[in-house]
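**Q** Here it is, the structure, as structure tokens.
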Amino acid sequence: MRVVVNAAMSVDGKLSSRERTQIEISGPDDFDRVDQLRADSDAVMVGVGTVLADDPSLTIDSDERKQARRDRGDPENPARVVADSRVRTPPDATVLNDAAHTYLLVSQAAPTDFVEQMEEAGATVLATGEDRVNLTTALGKLEGEGVEQLMVEGGGELIFSLFQADLVDELSVFVGPKVIGGRDAPTLADGDGFTEAFPELELQSVERLDAGALLEWNVP
């Protein structure tokens, strides 16, 4: 499986404000790039914090890209994946609608009634790890479901956890012309942070896009 992390952040590295409300950082060209990246992926993944803050659909906007997926025998939208160690996904979340299939990653401690509720909403629930999702095992299960390219859209806790587990292959970051600030505002990689053995990245390209810049790295 190839894991591609994609994010938009301010020039000071923030994904949102301290209130964790959605802030428009990208412009139309970057939105179009992200739509193409979704179309090229088998599944799109977020953490439950992103579901609670933004209620995203994680679907493709372009009708032409949906048709191209159908023409090659794929569903018109990639599958959706939510990492939810603390079983907080609402049953009416948009990611559970019928626009695409959804996988919910939970720990083995997830209550039976929550699992049943998510399954009744149409999700496939994959349980790994004792009290937190074991991302290595969970992504292995997703690969067994046919996911060869997984696009990850955040948030910062999930991105950090994927780097910590050495699961990231590629990182694309759009840096927009905003300063957000705030010690409690989410960053590209939150979690506990690294104090040693920092992930090494290889810069592949820098491109001026909209009013900001797109940076792309490989993770060897």
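Note on naming: chains are A, B, ... as they come in the structure tokens, residues start from 1 per chain, ligands start from 1 in the order shown.
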Using only C-alpha atoms, determine which residues lie at most 7 Å from region 158-164 of chain A, disregarding the query and same-chain residues fewer than 5 positions distant; provide the list as an MDAnalysis selection string.
**A** chainID A and resid 47 189:191
**Q** Please produce a file of those selected residues containing N, CA and C atoms, as an mmCIF file, in the first residue's frame.
**A**
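What landed in result-v9.cif:
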data_model
loop_
_atom_site.group_PDB
_atom_site.id
_atom_site.type_symbol
_atom_site.label_atom_id
_atom_site.label_comp_id
_atom_site.auth_asym_id
_atom_site.auth_seq_id
_atom_site.Cartn_x
_atom_site.Cartn_y
_atom_site.Cartn_z
ATOM 1 N N GLY A 47 -8.949 11.324 10.634
ATOM 2 C CA GLY A 47 -9.196 10.973 12.016
ATOM 3 C C GLY A 47 -10.573 11.446 12.433
ATOM 4 N N ALA A 189 1.515 18.004 12.323
ATOM 5 C CA ALA A 189 1.763 16.759 13.056
ATOM 6 C C ALA A 189 1.679 17.060 14.544
ATOM 7 N N ASP A 190 0.599 16.644 15.179
ATOM 8 C CA ASP A 190 0.412 16.887 16.608
ATOM 9 C C ASP A 190 0.893 15.679 17.407
ATOM 10 N N GLY A 191 0.078 15.158 18.297
ATOM 11 C CA GLY A 191 0.519 14.013 19.093
ATOM 12 C C GLY A 191 1.620 14.398 20.054
#
**Q** Set the distance at 12 Å and use only C-alpha atoms: which residues neighbour Ala165 (chain A) once local chain neighbours fewer than 5 positions away are removed? I'd like the list as a PyMOL selection string.
**A** chain A and resi 3+133-139+158-160+194+197-199
**Q** For Asp29 (chain A), find every residue with an atom within 8 Å (counting only C-alpha atoms), except residues of its own chain fewer than 2 positions away, and show them as an MDAnalysis selection string.
**A** chainID A and resid 27 31:33 209:210
**Q** I need the residue nearest Asp40 (chain A) from this list: A:Ala123, A:Ala185, A:Val4, A:Ala93. Use only C-alpha atoms for the distance.
**A** A:Val4
**Q** Write down as number ranges by chain the residues belonging to region 9-202 of chain A that are assigned strand (DSSP E) by DSSP computed on the backbone.
**A** A: 9, 43-47, 79-83, 102-106, 124-127, 149-152, 170-175, 202
**Q** Can you tell me which residues surround Ala127 (chain A) at a distance of at most 7 Å, considering only C-alpha atoms, apart from same-chain residues fewer than 4 positions away, and format the answer as a ChimeraX atom specification?
**A** /A:105-108
**Q** Mind dumping the selected residues with C-alpha atoms as an mmCIF file, in the first residue's frame?
**A**
data_model
loop_
_atom_site.group_PDB
_atom_site.id
_atom_site.type_symbol
_atom_site.label_atom_id
_atom_site.label_comp_id
_atom_site.auth_asym_id
_atom_site.auth_seq_id
_atom_site.Cartn_x
_atom_site.Cartn_y
_atom_site.Cartn_z
ATOM 1 C CA LEU A 105 -11.063 1.766 12.411
ATOM 2 C CA VAL A 106 -11.592 1.165 16.131
ATOM 3 C CA SER A 107 -9.753 -0.560 18.946
ATOM 4 C CA GLN A 108 -10.731 -3.943 20.326
#
**Q** Give me, as a list in words, all polymer residues having an atom no more than 6 Å from region 178-181 of chain A, counting only C-alpha atoms and skipping those fewer than 2 positions away in the same chain.
**A**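 Here the qualifying residues turn out to be Ser10, Val11, Asp12 and Gly176 of chain A.
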**Q** Hey, what's within 12 Å of Glu24 (chain A) if we count only C-alpha atoms and toss same-chain stuff fewer than 5 positions away? As a PDB file with all heavy atoms, in the first residue's frame, please?
**A**
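result18.pdb, written as the output of this step:
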ATOM      1  N   ALA A   7      -2.144  17.821   2.971  1.00  0.00           N
ATOM      2  CA  ALA A   7      -2.693  18.792   3.914  1.00  0.00           C
ATOM      3  C   ALA A   7      -2.501  20.202   3.374  1.00  0.00           C
ATOM      4  O   ALA A   7      -1.649  20.452   2.513  1.00  0.00           O
ATOM      5  CB  ALA A   7      -2.021  18.656   5.281  1.00  0.00           C
ATOM      6  N   ALA A   8      -3.307  21.116   3.909  1.00  0.00           N
ATOM      7  CA  ALA A   8      -3.139  22.549   3.660  1.00  0.00           C
ATOM      8  C   ALA A   8      -2.904  23.216   5.002  1.00  0.00           C
ATOM      9  O   ALA A   8      -3.628  22.957   5.970  1.00  0.00           O
ATOM     10  CB  ALA A   8      -4.368  23.128   2.974  1.00  0.00           C
ATOM     11  N   MET A   9      -1.886  24.063   5.064  1.00  0.00           N
ATOM     12  CA  MET A   9      -1.588  24.719   6.335  1.00  0.00           C
ATOM     13  C   MET A   9      -1.217  26.182   6.098  1.00  0.00           C
ATOM     14  O   MET A   9      -0.874  26.589   4.982  1.00  0.00           O
ATOM     15  CB  MET A   9      -0.455  23.998   7.065  1.00  0.00           C
ATOM     16  CG  MET A   9       0.901  24.101   6.413  1.00  0.00           C
ATOM     17  SD  MET A   9       2.174  23.171   7.350  1.00  0.00           S
ATOM     18  CE  MET A   9       3.655  23.708   6.490  1.00  0.00           C
ATOM     19  N   SER A  10      -1.281  26.955   7.168  1.00  0.00           N
ATOM     20  CA  SER A  10      -0.857  28.354   7.115  1.00  0.00           C
ATOM     21  C   SER A  10       0.662  28.426   7.087  1.00  0.00           C
ATOM     22  O   SER A  10       1.345  27.422   7.288  1.00  0.00           O
ATOM     23  CB  SER A  10      -1.406  29.098   8.341  1.00  0.00           C
ATOM     24  OG  SER A  10      -0.874  28.530   9.528  1.00  0.00           O
ATOM     25  N   LYS A  14      -0.197  25.871  10.833  1.00  0.00           N
ATOM     26  CA  LYS A  14      -1.455  25.529  11.470  1.00  0.00           C
ATOM     27  C   LYS A  14      -2.468  25.008  10.441  1.00  0.00           C
ATOM     28  O   LYS A  14      -2.576  25.530   9.339  1.00  0.00           O
ATOM     29  CB  LYS A  14      -2.056  26.757  12.175  1.00  0.00           C
ATOM     30  CG  LYS A  14      -1.125  27.425  13.179  1.00  0.00           C
ATOM     31  CD  LYS A  14      -0.757  26.514  14.330  1.00  0.00           C
ATOM     32  CE  LYS A  14       0.065  27.263  15.371  1.00  0.00           C
ATOM     33  NZ  LYS A  14       0.473  26.392  16.497  1.00  0.00           N
ATOM     34  N   LEU A  15      -3.203  23.973  10.861  1.00  0.00           N
ATOM     35  CA  LEU A  15      -4.271  23.436  10.005  1.00  0.00           C
ATOM     36  C   LEU A  15      -5.579  24.174  10.214  1.00  0.00           C
ATOM     37  O   LEU A  15      -6.459  24.169   9.343  1.00  0.00           O
ATOM     38  CB  LEU A  15      -4.494  21.948  10.305  1.00  0.00           C
ATOM     39  CG  LEU A  15      -3.297  21.018  10.157  1.00  0.00           C
ATOM     40  CD1 LEU A  15      -3.723  19.583  10.453  1.00  0.00           C
ATOM     41  CD2 LEU A  15      -2.704  21.119   8.756  1.00  0.00           C
ATOM     42  N   SER A  16      -5.742  24.793  11.371  1.00  0.00           N
ATOM     43  CA  SER A  16      -6.964  25.496  11.731  1.00  0.00           C
ATOM     44  C   SER A  16      -6.637  26.418  12.897  1.00  0.00           C
ATOM     45  O   SER A  16      -5.497  26.487  13.361  1.00  0.00           O
ATOM     46  CB  SER A  16      -8.064  24.488  12.105  1.00  0.00           C
ATOM     47  OG  SER A  16      -9.271  25.148  12.425  1.00  0.00           O
ATOM     48  N   SER A  17      -7.664  27.107  13.398  1.00  0.00           N
ATOM     49  CA  SER A  17      -7.472  27.972  14.558  1.00  0.00           C
ATOM     50  C   SER A  17      -7.607  27.170  15.843  1.00  0.00           C
ATOM     51  O   SER A  17      -7.935  25.983  15.825  1.00  0.00           O
ATOM     52  CB  SER A  17      -8.514  29.093  14.549  1.00  0.00           C
ATOM     53  OG  SER A  17      -9.793  28.561  14.879  1.00  0.00           O
ATOM     54  N   ASP A  30      -5.612  24.506  -5.961  1.00  0.00           N
ATOM     55  CA  ASP A  30      -5.256  23.451  -5.016  1.00  0.00           C
ATOM     56  C   ASP A  30      -6.450  22.547  -4.735  1.00  0.00           C
ATOM     57  O   ASP A  30      -6.287  21.333  -4.599  1.00  0.00           O
ATOM     58  CB  ASP A  30      -4.724  24.043  -3.715  1.00  0.00           C
ATOM     59  CG  ASP A  30      -4.141  22.958  -2.815  1.00  0.00           C
ATOM     60  OD1 ASP A  30      -3.241  22.232  -3.286  1.00  0.00           O
ATOM     61  OD2 ASP A  30      -4.586  22.832  -1.661  1.00  0.00           O
ATOM     62  N   PHE A  31      -7.645  23.118  -4.644  1.00  0.00           N
ATOM     63  CA  PHE A  31      -8.835  22.276  -4.473  1.00  0.00           C
ATOM     64  C   PHE A  31      -8.963  21.283  -5.634  1.00  0.00           C
ATOM     65  O   PHE A  31      -9.315  20.113  -5.433  1.00  0.00           O
ATOM     66  CB  PHE A  31     -10.097  23.133  -4.383  1.00  0.00           C
ATOM     67  CG  PHE A  31     -10.272  23.828  -3.061  1.00  0.00           C
ATOM     68  CD1 PHE A  31     -10.541  25.186  -3.011  1.00  0.00           C
ATOM     69  CD2 PHE A  31     -10.183  23.133  -1.861  1.00  0.00           C
ATOM     70  CE1 PHE A  31     -10.710  25.842  -1.793  1.00  0.00           C
ATOM     71  CE2 PHE A  31     -10.349  23.777  -0.639  1.00  0.00           C
ATOM     72  CZ  PHE A  31     -10.611  25.135  -0.611  1.00  0.00           C
ATOM     73  N   ASP A  54     -15.375  19.084  10.933  1.00  0.00           N
ATOM     74  CA  ASP A  54     -15.720  19.531   9.581  1.00  0.00           C
ATOM     75  C   ASP A  54     -16.885  18.779   8.943  1.00  0.00           C
ATOM     76  O   ASP A  54     -17.441  19.243   7.949  1.00  0.00           O
ATOM     77  CB  ASP A  54     -14.505  19.396   8.650  1.00  0.00           C
ATOM     78  CG  ASP A  54     -13.307  20.198   9.135  1.00  0.00           C
ATOM     79  OD1 ASP A  54     -13.503  21.148   9.901  1.00  0.00           O
ATOM     80  OD2 ASP A  54     -12.177  19.861   8.737  1.00  0.00           O
ATOM     81  N   PHE A 174       0.154  22.066   0.920  1.00  0.00           N
ATOM     82  CA  PHE A 174      -0.067  23.398   0.366  1.00  0.00           C
ATOM     83  C   PHE A 174       0.073  24.396   1.501  1.00  0.00           C
ATOM     84  O   PHE A 174      -0.590  24.267   2.539  1.00  0.00           O
ATOM     85  CB  PHE A 174      -1.456  23.518  -0.261  1.00  0.00           C
ATOM     86  CG  PHE A 174      -1.758  24.915  -0.752  1.00  0.00           C
ATOM     87  CD1 PHE A 174      -1.274  25.340  -1.977  1.00  0.00           C
ATOM     88  CD2 PHE A 174      -2.492  25.789   0.026  1.00  0.00           C
ATOM     89  CE1 PHE A 174      -1.522  26.642  -2.429  1.00  0.00           C
ATOM     90  CE2 PHE A 174      -2.753  27.085  -0.409  1.00  0.00           C
ATOM     91  CZ  PHE A 174      -2.271  27.510  -1.643  1.00  0.00           C
ATOM     92  N   VAL A 175       0.946  25.387   1.308  1.00  0.00           N
ATOM     93  CA  VAL A 175       1.159  26.431   2.312  1.00  0.00           C
ATOM     94  C   VAL A 175       0.462  27.693   1.825  1.00  0.00           C
ATOM     95  O   VAL A 175       0.837  28.275   0.799  1.00  0.00           O
ATOM     96  CB  VAL A 175       2.658  26.692   2.544  1.00  0.00           C
ATOM     97  CG1 VAL A 175       2.843  27.760   3.625  1.00  0.00           C
ATOM     98  CG2 VAL A 175       3.371  25.409   2.938  1.00  0.00           C
ATOM     99  N   GLY A 176      -0.593  28.078   2.538  1.00  0.00           N
ATOM    100  CA  GLY A 176      -1.394  29.227   2.126  1.00  0.00           C
ATOM    101  C   GLY A 176      -0.955  30.518   2.795  1.00  0.00           C
ATOM    102  O   GLY A 176      -0.267  30.504   3.823  1.00  0.00           O
ATOM    103  N   PRO A 177      -1.382  31.660   2.243  1.00  0.00           N
ATOM    104  CA  PRO A 177      -0.919  32.975   2.708  1.00  0.00           C
ATOM    105  C   PRO A 177      -1.681  33.473   3.929  1.00  0.00           C
ATOM    106  O   PRO A 177      -2.315  34.531   3.912  1.00  0.00           O
ATOM    107  CB  PRO A 177      -1.168  33.859   1.484  1.00  0.00           C
ATOM    108  CG  PRO A 177      -2.401  33.267   0.856  1.00  0.00           C
ATOM    109  CD  PRO A 177      -2.274  31.773   1.073  1.00  0.00           C
ATOM    110  N   LYS A 178      -1.629  32.705   5.003  1.00  0.00           N
ATOM    111  CA  LYS A 178      -2.297  33.097   6.249  1.00  0.00           C
ATOM    112  C   LYS A 178      -1.376  32.833   7.431  1.00  0.00           C
ATOM    113  O   LYS A 178      -0.592  31.881   7.419  1.00  0.00           O
ATOM    114  CB  LYS A 178      -3.593  32.288   6.453  1.00  0.00           C
ATOM    115  CG  LYS A 178      -4.786  32.759   5.640  1.00  0.00           C
ATOM    116  CD  LYS A 178      -6.029  31.954   6.000  1.00  0.00           C
ATOM    117  CE  LYS A 178      -7.282  32.537   5.357  1.00  0.00           C
ATOM    118  NZ  LYS A 178      -7.262  32.419   3.891  1.00  0.00           N
ATOM    119  N   ILE A 180      -2.082  32.055  11.366  1.00  0.00           N
ATOM    120  CA  ILE A 180      -3.198  31.738  12.259  1.00  0.00           C
ATOM    121  C   ILE A 180      -2.786  31.869  13.714  1.00  0.00           C
ATOM    122  O   ILE A 180      -3.499  32.446  14.524  1.00  0.00           O
ATOM    123  CB  ILE A 180      -3.729  30.323  11.959  1.00  0.00           C
ATOM    124  CG1 ILE A 180      -4.338  30.298  10.541  1.00  0.00           C
ATOM    125  CG2 ILE A 180      -4.763  29.901  12.996  1.00  0.00           C
ATOM    126  CD1 ILE A 180      -4.794  28.926  10.088  1.00  0.00           C
TER     127      ILE A 180
END
**Q** Given only C-alpha atoms as the basis, pick out the residue of A:Thr50, A:Gln36, A:Thr94, A:Thr128 nearest to Lys66 (chain A).
**A** A:Gln36
**Q** Could you pull the residues within 7 Å of region 110-122 of chain A, counting only C-alpha atoms, minus those fewer than 5 positions along the same chain, as a PyMOL selection string?
**A** chain A and resi 87+91+96
**Q** Could you write out the selected residues, including C-alpha atoms, as a PDB file, in the first residue's frame?
**A**
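Final output, saved to again_38.pdb:
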ATOM      1  CA  VAL A  87     -15.570   5.742  19.373  1.00  0.00           C
ATOM      2  CA  PRO A  91     -24.261   7.970  13.477  1.00  0.00           C
ATOM      3  CA  LEU A  96     -21.548   7.320   6.699  1.00  0.00           C
TER       4      LEU A  96
END
**Q** Pick the closest to Pro220 (chain A) from A:Glu202, A:Glu145, A:Asp35, A:Asp192: which is it, counting only C-alpha atoms?
**A** A:Glu202
**Q** To one decimal place, how far is CA of Asp169 (chain A) from CA of Gly140 (chain A) in Å?
**A**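 Answer for the CA of Asp169 (chain A) to CA of Gly140 (chain A) separation: 14.7 Å.
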